[in-house]
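Working notes, beginning with the structure itself.
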There are 2 protein chains.
Amino acid sequence: MKTIAAALCVCTATVAFADEGMWTFDNFPSAAVQAKYGVTIDKAWLDHVRAGAVRVNGCSASLVSGDGLVLTNNHCVVSCSKDLSNAQNDYVKDGFSAAARKDERKCPGEQAEILESNTDVTARINAATAGKSGQAYVQARTAAIAVLEKESCAGKEYTHRCQVISLYDGGVDQLYTYRRYTDVRLVFAPEFQTAFFGGDPDNFNFPRYDLDFAYMRLYENDAPVKTPQHLTWNPAAPKAGETVFIAGNPGGTNRQLTETQLLRQRDVTLPMGLAMESELRGRYSRYAQESAEHARRVNDDLFYLENGIKVLRGQHAALTEPSLIAAQRKAETDLKAKIAANPKLAAETGDPWGDIDKALAASAALYHPYTFLEARAGGGSSLFGYARTLVRGAEEREKPNGERMPNFGDARLAQVERGLVAPRPVEMELEQLKLEFWLSKLREFLTADAPETALALGKDSPETLARKLTQSKLADPALRKALWEGGEKAIEASKDPLILYVRKIDARARELRKAYEDKVTGPIDRASERIAHARFQVYGTSVYPDATFSLRLSYGKIAGWNEPGKTIPPFTVFSGLFVRATGQPPFDLTARWAGAESKLNPNTVFDISSDNDIVGGNSGSPLLNAKGEVIGAVFDGNIHSLGGNYFFDPAMNRTVSVSTAAVTEALAKLYGRPDLIAELSAP
Amino acid sequence: MKTIAAALCVCTATVAFADEGMWTFDNFPSAAVQAKYGVTIDKAWLDHVRAGAVRVNGCSASLVSGDGLVLTNNHCVVSCSKDLSNAQNDYVKDGFSAAARKDERKCPGEQAEILESNTDVTARINAATAGKSGQAYVQARTAAIAVLEKESCAGKEYTHRCQVISLYDGGVDQLYTYRRYTDVRLVFAPEFQTAFFGGDPDNFNFPRYDLDFAYMRLYENDAPVKTPQHLTWNPAAPKAGETVFIAGNPGGTNRQLTETQLLRQRDVTLPMGLAMESELRGRYSRYAQESAEHARRVNDDLFYLENGIKVLRGQHAALTEPSLIAAQRKAETDLKAKIAANPKLAAETGDPWGDIDKALAASAALYHPYTFLEARAGGGSSLFGYARTLVRGAEEREKPNGERMPNFGDARLAQVERGLVAPRPVEMELEQLKLEFWLSKLREFLTADAPETALALGKDSPETLARKLTQSKLADPALRKALWEGGEKAIEASKDPLILYVRKIDARARELRKAYEDKVTGPIDRASERIAHARFQVYGTSVYPDATFSLRLSYGKIAGWNEPGKTIPPFTVFSGLFVRATGQPPFDLTARWAGAESKLNPNTVFDISSDNDIVGGNSGSPLLNAKGEVIGAVFDGNIHSLGGNYFFDPAMNRTVSVSTAAVTEALAKLYGRPDLIAELSAP
């Protein structure tokens with residue numbers, strides 16, 4: 001399952017092979033597609049698809065009716081289903097089906113964005129950062145972006161989002177303007193077990209039998225948004241070999257890291273991440289076993305965590321293939337030779353590889369303190385996140401727009417506030433679990449004698465401190481709203497234990513952030529930008545930028561692949577589900593499905609494999625045929641797709657989608673929703 | 001904490017530098033020690049120390065009185081303390097102090113062994129394996145060892161153990177004959193928190209404040225064994241720079257692995273181990289938090305697990321230092337050059353490095369099935385271990401001695417039976433937890449579609465199958481005894497669910513074992529032996545063999561070390577404990593210690609750092625002065641010692657011991673045991 005996109009990555013350009021590439025709409029290789037597949041992708045096609053493509057929190061989606069109906073994955077709405085549930089109603093387990101529009105329920109904190117335009121702002125950003133390095137560079141860039149975003153959205157802050165997106169590792173900066181919707185309601189979600197049949201064992205595997213789709217609807221002024229530009233829902237399954245496209249928001253790739261950056265990931269970042277997340281998985285698993293209510297509370301966290309662990313394991317496995325590192329080394333050597341052959345370019349470029357090595361060496365001493373006190377502070381606790389946002393928001397808003405931390409620029413404040421006041425339930429036992437895990441790992445990795453450990457723990461144990469902190473009242477959205485609106489004075493007057501705690505550690509956390517930007521991310525961004533610039537000079541726009549959770553289009557064909565000794569076909573059908581079901585989790589069927597075999601056409605195409613190049617963040621993307629019609633919803637990749645963070649393997653890397661055929665058949669025969677089918681079929 | 005030794009490792013020779021080396025007693029570098037430290041280590045010294053050195057389950061120890069009193073670590077008796085505890089009496093938490101000899105309690109399954117003699121049997125083993133390879137080689141070697149061990153101990157099976165120990169990676173095989181004691185009783189153990197103050201955060205750290213000692217006593221015929229050969233207890237603390245020795249049983253090192261073997265450990269074995277053990281740690285941690293009784297049940301498992309995780313992390317960190325791999329590559333290149341310069345040796349040696357690479361390539365497909373269905377089957381469940389021993393024991397005993405699996409040779413049966421019938425308590429909830437964790441990881445790593453997953457799980461989930469298997473009655477020692485004695489017929493008649501289950505999967509498990517021996521361990525052992533032989537020809541016995549959990553002597557001096565910006569002194573004293581105590585776990589003091597500061601001499605030397613070369617398995621070893629007197633008990637290494645599996649770093653690698661001074665002071669002032677001090681002081 002691809003799930004939530006990672007944070008925006010530093011990204012660059014590469015030369016594309018086979019059906020490789022997550023292309024921007026303004027640089028789509030239509031000629032190559034025409035030559036290879038005989039399919040014409042013209043501006044009208046691109047404009048139509050772009051207008052129907054939707055970005056939601058961490059996922060992708062598409063407009064599939066004229067009344068604002070949005071298709072995405074069930075795993076993209078599971079947080080919403082969880083937020084709307086309680087001990088009596090479990091919409092994750094049982095699914096959600098709004099019988100009438102009035103029963104459609106707002107997803108707390110959800111938003112939907114549709115790209116309207118993008119313009120190049122590279123020159124302006126470059127002018128602001130010229131001659132700067134380290135933290136000064138980061139700060140100048142942040143300031144230029146804050147100013148640009150604010151002025152571009154001036155007067156339309158409530159309906160639009162203006163976001164500077166860095167492409168080709170900073171070689172190109174673009175201002176993306178989105179139409180934004182902040183009232184997004186849950187319409188339909190199947191049972192979790194139906195969407196995620198096979199659970200973690202089958203995740204990233206194929207053949208697959210998952211009905212991983214869901215519908216939401218855009219609202220404005222309490223009425224559904226009219227969306228005549230919607231894409232056409234085509235319930236007919238595609239054929240093997242058919243040309244297909246995917247429009248969505250791949251979250252982040254690392255296809256242009258230097259060799260030493262890859263080695264750091266292989267030797268430090270990924271093994272540490274795997275061990276930590278595995279330990280947390282153990283705690284969650286045991287917590288879930290304690291009672292059905294504990295299981296309900298933690299299952300969405302556990303699901304995302306297990307998905308992430310499988311991703312990390314696949315990435316680590318890819319990096320331990322010596323051939324990958326060797327290929328990267330060769331690509332680096334080739335580029336260096338081309339740069340050296342051009343004295344002007346060589347002078348402009350300098351030695352960014354050496355600069356990155358120096359930054360990585362400098363990060364050794366900073367990495368753990370920065371990670372635990374700043375980058376991963378709070379360990380995913382919602383309350384901690386609220387407290388930090390409140391404390392920092394109050395402090396940052398006192399400063400001029402151009403001097404604030406990235407998330408507190410004026411153009412982003414409305415979004416921050418919406419996230420803060422969204423009425424999402426807070427599970428206190430899980431807060432306790434997350435906080436004590438974070439604090440115990442902080443002490444473990446920094447050692448008991450580090451000054452940051454003393455600052456974070458004092459004389460407390462992780463468990464006793466977490467108990468004190470979870471006395472916080474920040475679970476109350478009204479209190480959060482009051483503290484946000486009260487600003488510095490309210491924060492300084494607050495006796496809430498988490499507000500007091502964040503205030504205690506924040507100075508050191510900010511110092512670490514500054515030091516890390518100055519010595520690590522600043523120099524690396526600067527150096528990566530120079531590599532990207534050089535690569536751009538050498539290869540031009542015949543290349544695609546690394547993924548940045550912004551709109552991209554990938555092309556390919558319906559295809560399985562070959563494993564040693566066997567051929568994996570490109571489709572599954574409904575009958576296969578009933579063969580695979582054992583009756584035991586995670587291979588069990590819900591009551592609705594257990595007796596349904598005779599009601600369904602057994603040959604209905606269920607899940608589909610295609611060779612498009614996608615990555616996490618693409619979840620929910622429409623799978624499109626040559627006419628631009630929706631024939632599926634992307635929800636996963638195969639196991640070989642996990643190396644896609646670093647490279648695209650055309651022979652093995654596959655995208656997995658649920659077919660519109662399967663969704664239509666299930667809505668009609670099992671879920672009693674002819675009204676939805678009628679809406680999808682309307683012109 | 002060094003804790004339990006790993007299984008016997010394949011081991012070879014190296015050139016020793018500085019105070020490096022875990023030397024056999026018959027090849028101790030006395031001349032080098034004389035030259036460097038001016039201390040004379042003659043045959044009388046060596047014989048005296050050897051006679052007072054004791055090997056216990058997974059740990060080391062020493063005789064410290066004429067009445068069979070044995071000094072070891074608290075962490076080496078924690079399993080015994082746990083086994084003697086129940087919900088009413090927690091001897092782990094509260095410690096154990098037998099007021100009189102009649103109160104000393106037998107540790108279930110414990111044994112103690114003192115080395116009497118060792119003789120070279122290389123020629124005989126070589127004759128048996130000549131010309132064989134793969135599984136035939138493994139089988140021939142196993143058979144030759146079984147026959148040798150049986151005939152050597154004939155007539156003294158109940159008082160002696162005969163064990164073939166492979167040194168220098170099979171370059172040398174020796175028959176070690178031990179005097180064996182199987183009635184070993186717990187005499188005294190401090191509170192766990194006193195022995196392990198600082199817990200996992202301080203583990204492998206120094207300065208340290210742990211009173212990690214315990215006493216057991218050897219019994220025969222219900223009376224203490226007379227041990228006039230005991231070592232002298234010297235309660236005076238050593239001085240910085242003083243020459244010291246450690247006699248004990250380092251469990252296993254990997255200092256002679258080839259470069260590709262090291263890379264396999266770095267890229268596959270260690271990251272996978274770290275992730276799995278971390279996840280189990282998470283489950284144990286949460287289980288422990290559920291109630292005080294759950295904590296009591298799991299704390300010893302959790303302790304060993306966390307210790308193991310820290311070891312894995314240290315080993316992984318060592319292997320990701322590029323300099324280590326580079327040094328190993330250079331050593332390999334040098335040896336290859338020396339071999340090539342000697343045509344006869346080159347012909348004998350062939351290309352063992354290439355053979356190892358081939359075996360590693362072959363292991364890729366076998367590693368996970370072999371690991372989960374054979375090597376780690378049962379996931380540490382006691383009941384599963386009993387069932388497998390019973391099923392295999394019945395089958396193997398039907399075969400001639402020379403054709404059995406390694407552990408079922410006649411010479412080893414008595415020990416197997418003792419382990420089987422020892423009345424150790426079985427915690428059923430933990431059995432459930434371990435079995436379901438094992439089964440879920442089996443499915444995860446083999447995938448849901450592997451034939452081994454189908455064999456192991458059928459249509460069950462890990463959880464439901466574990467519930468069925470824990471209906472087993474094998475927790476009853478009498479039932480195990482009956483099944484053992486009943487042999488094949490009893491096993492075939494048994495309806496115990498775990499017996500039935502092990503019988504179901506055993507054929508495939510044995511196939512995997514054979515295939516792994518044939519394609520992986522057999523060829524690697526054979527190749528390692530050839531490398532070792534060649535190294536032996538080139539470097540002779542000026543080298544020490546890798547550790548094999550057999551008796552070794554290491555020399556060195558009392559010394560701290562330097563960290564960037566600070567100097568770590570070689571001692572801690574009692575007063576430091578009270579400074580470090582915060583009142584919160586794991587930095588809390590027991591009630592006995594919390595108010596004890598004024599009763600103790602604050603300047604008593606507590607823990608000691610020395611530069612001896614040791615590794616896991618050395619726990620409990622006596623720290624000896626130049627006169628061969630006991631001045632401490634080894635219980636740990638510093639954080640830099642964790643790379644000691646692969647190399648010895650004389651500048652940073654340190655051994656940590658608890659001083660006899662601290663033990664004596666605590667016994668006298670806090671534990672009211674003048675009788676023990678009197679016994680220790682008697683000549």
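Residues in the structure tokens are named by chain (A, B, ... in the order shown) and by number from 1 within that chain; ligands are numbered from 1 in the order shown.
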
Exercise for review: Step one, run DSSP on the backbone; step two, keep only residues of region 497-579 of chain B assigned to strand (DSSP E); then write them as a ChimeraX atom specification.
Suggested key: /B:543-545,552-557,561-563,566-568,571-573

Practice item. Tell me, as a VMD selection string, which residues lie within 12 Å of Leu469 (chain B), counting only C-alpha atoms; anything in the same chain fewer than 3 positions away does not count. Key: chain B and resid 378 381 to 384 387 428 to 429 431 to 436 439 456 to 457 460 462 to 466 472 to 475 495 to 502

Hey, what's within 8 Å of Arg329 (chain B) if we count only C-alpha atoms and toss same-chain stuff fewer than 4 positions away? As a PDB file with N, CA and C atoms, in the first residue's frame, please?
```pdb
ATOM      1  N   THR B 258      35.537 -13.818   6.027  1.00  0.00           N
ATOM      2  CA  THR B 258      36.004 -13.182   4.794  1.00  0.00           C
ATOM      3  C   THR B 258      35.228 -11.887   4.569  1.00  0.00           C
ATOM      4  N   GLU B 259      35.721 -11.100   3.628  1.00  0.00           N
ATOM      5  CA  GLU B 259      35.054  -9.827   3.344  1.00  0.00           C
ATOM      6  C   GLU B 259      33.589 -10.048   2.953  1.00  0.00           C
ATOM      7  N   ILE B 325      36.143  -3.023   7.137  1.00  0.00           N
ATOM      8  CA  ILE B 325      36.063  -3.862   5.938  1.00  0.00           C
ATOM      9  C   ILE B 325      37.374  -3.739   5.149  1.00  0.00           C
ATOM     10  N   THR B 333      44.101 -10.051   1.410  1.00  0.00           N
ATOM     11  CA  THR B 333      45.027  -9.912   0.285  1.00  0.00           C
ATOM     12  C   THR B 333      46.428 -10.365   0.680  1.00  0.00           C
TER      13      THR B 333
END
```

Point to revise | At most 7 Å to chain B: residues in chain A, only C-alpha atoms, as a VMD selection string | key: chain A and resid 201 267 271 274 to 275 278 to 283 285 to 287 320 444 447 to 448 459 to 461 582 584 to 585

Exercise for review: Tell me, in Å to one decimal, how far CA of Leu577 (chain B) is from CA of Tyr209 (chain B).
Suggested key: 5.7 Å

Exercise for review: Write out as JSON, numbers by chain which residues come within 10 Å of region 220-232 of chain A when counting only C-alpha atoms, dropping same-chain ones fewer than 5 positions away.
Suggested key: {"A": [47, 48, 49, 50, 51, 52, 53, 62, 63, 64, 65, 66, 67, 68, 69, 70, 101, 102, 159, 181, 182, 183, 184, 185, 622, 624, 627, 628, 629, 630, 631, 680, 681, 682, 683]}

Exercise for review: One decimal, Å: what's the distance from CA of Leu186 (chain B) over to CA of Arg105 (chain B), could you say?
Suggested key: 5.2 Å

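For region 249-253 of chain A, the list of residues within 7 Å, based on only C-alpha atoms and with local chain neighbours fewer than 6 positions off taken out, reads Ala5, Ala6, Leu8, Cys9, Arg55, Ser60, Asp546, Ala547, Thr548, Phe549, Ser550, Leu551, Arg552, Ile614, Val615, Gly616, Gly617, Asn618, Asn645 and Tyr646 of chain A.
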
Please provide as a PDB file with all heavy atoms, in the first residue's frame all residues within 8 Å of Gly402 (chain A), with the sequence filter that same-chain residues fewer than 3 positions apart are discarded (counting only C-alpha atoms).
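Written output follows (result13.pdb):
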```
ATOM      1  N   THR A 142      13.646  30.198   2.488  1.00  0.00           N
ATOM      2  CA  THR A 142      12.370  30.141   3.200  1.00  0.00           C
ATOM      3  C   THR A 142      11.645  31.482   3.109  1.00  0.00           C
ATOM      4  O   THR A 142      10.435  31.548   2.862  1.00  0.00           O
ATOM      5  CB  THR A 142      12.605  29.774   4.681  1.00  0.00           C
ATOM      6  OG1 THR A 142      13.308  28.535   4.725  1.00  0.00           O
ATOM      7  CG2 THR A 142      11.293  29.644   5.438  1.00  0.00           C
ATOM      8  N   ALA A 143      12.394  32.549   3.307  1.00  0.00           N
ATOM      9  CA  ALA A 143      11.794  33.889   3.280  1.00  0.00           C
ATOM     10  C   ALA A 143      11.253  34.226   1.893  1.00  0.00           C
ATOM     11  O   ALA A 143      10.122  34.711   1.750  1.00  0.00           O
ATOM     12  CB  ALA A 143      12.838  34.930   3.702  1.00  0.00           C
ATOM     13  N   ALA A 144      12.036  33.931   0.855  1.00  0.00           N
ATOM     14  CA  ALA A 144      11.598  34.238  -0.512  1.00  0.00           C
ATOM     15  C   ALA A 144      10.325  33.473  -0.830  1.00  0.00           C
ATOM     16  O   ALA A 144       9.394  34.012  -1.465  1.00  0.00           O
ATOM     17  CB  ALA A 144      12.711  33.881  -1.503  1.00  0.00           C
ATOM     18  N   ALA A 146       8.076  32.352   1.361  1.00  0.00           N
ATOM     19  CA  ALA A 146       6.955  32.886   2.148  1.00  0.00           C
ATOM     20  C   ALA A 146       6.366  34.136   1.486  1.00  0.00           C
ATOM     21  O   ALA A 146       5.140  34.297   1.403  1.00  0.00           O
ATOM     22  CB  ALA A 146       7.415  33.188   3.574  1.00  0.00           C
ATOM     23  N   VAL A 147       7.242  34.989   0.998  1.00  0.00           N
ATOM     24  CA  VAL A 147       6.785  36.232   0.379  1.00  0.00           C
ATOM     25  C   VAL A 147       6.044  35.937  -0.923  1.00  0.00           C
ATOM     26  O   VAL A 147       4.939  36.441  -1.172  1.00  0.00           O
ATOM     27  CB  VAL A 147       7.990  37.175   0.132  1.00  0.00           C
ATOM     28  CG1 VAL A 147       7.575  38.369  -0.724  1.00  0.00           C
ATOM     29  CG2 VAL A 147       8.565  37.633   1.481  1.00  0.00           C
ATOM     30  N   GLY A 409       4.684  30.884   7.550  1.00  0.00           N
ATOM     31  CA  GLY A 409       4.507  32.017   6.639  1.00  0.00           C
ATOM     32  C   GLY A 409       3.016  32.341   6.533  1.00  0.00           C
ATOM     33  O   GLY A 409       2.168  31.459   6.693  1.00  0.00           O
TER      34      GLY A 409
END
```

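Proximity ranking of A:Val172, A:Leu479, A:Ile339, A:Leu360 relative to Pro545 (chain A) places A:Val172 first, based on only C-alpha atoms.
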
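Reported to one decimal place, the separation of CA of Glu452 (chain A) from CA of Asp355 (chain A) is 28.1 Å.
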
**Study point:** Test item: residues at most 7 Å from Glu149 (chain A), only C-alpha atoms, excluding those fewer than 4 positions along its chain, as a ChimeraX atom specification
**Key:** /A:145,153,162-164,411
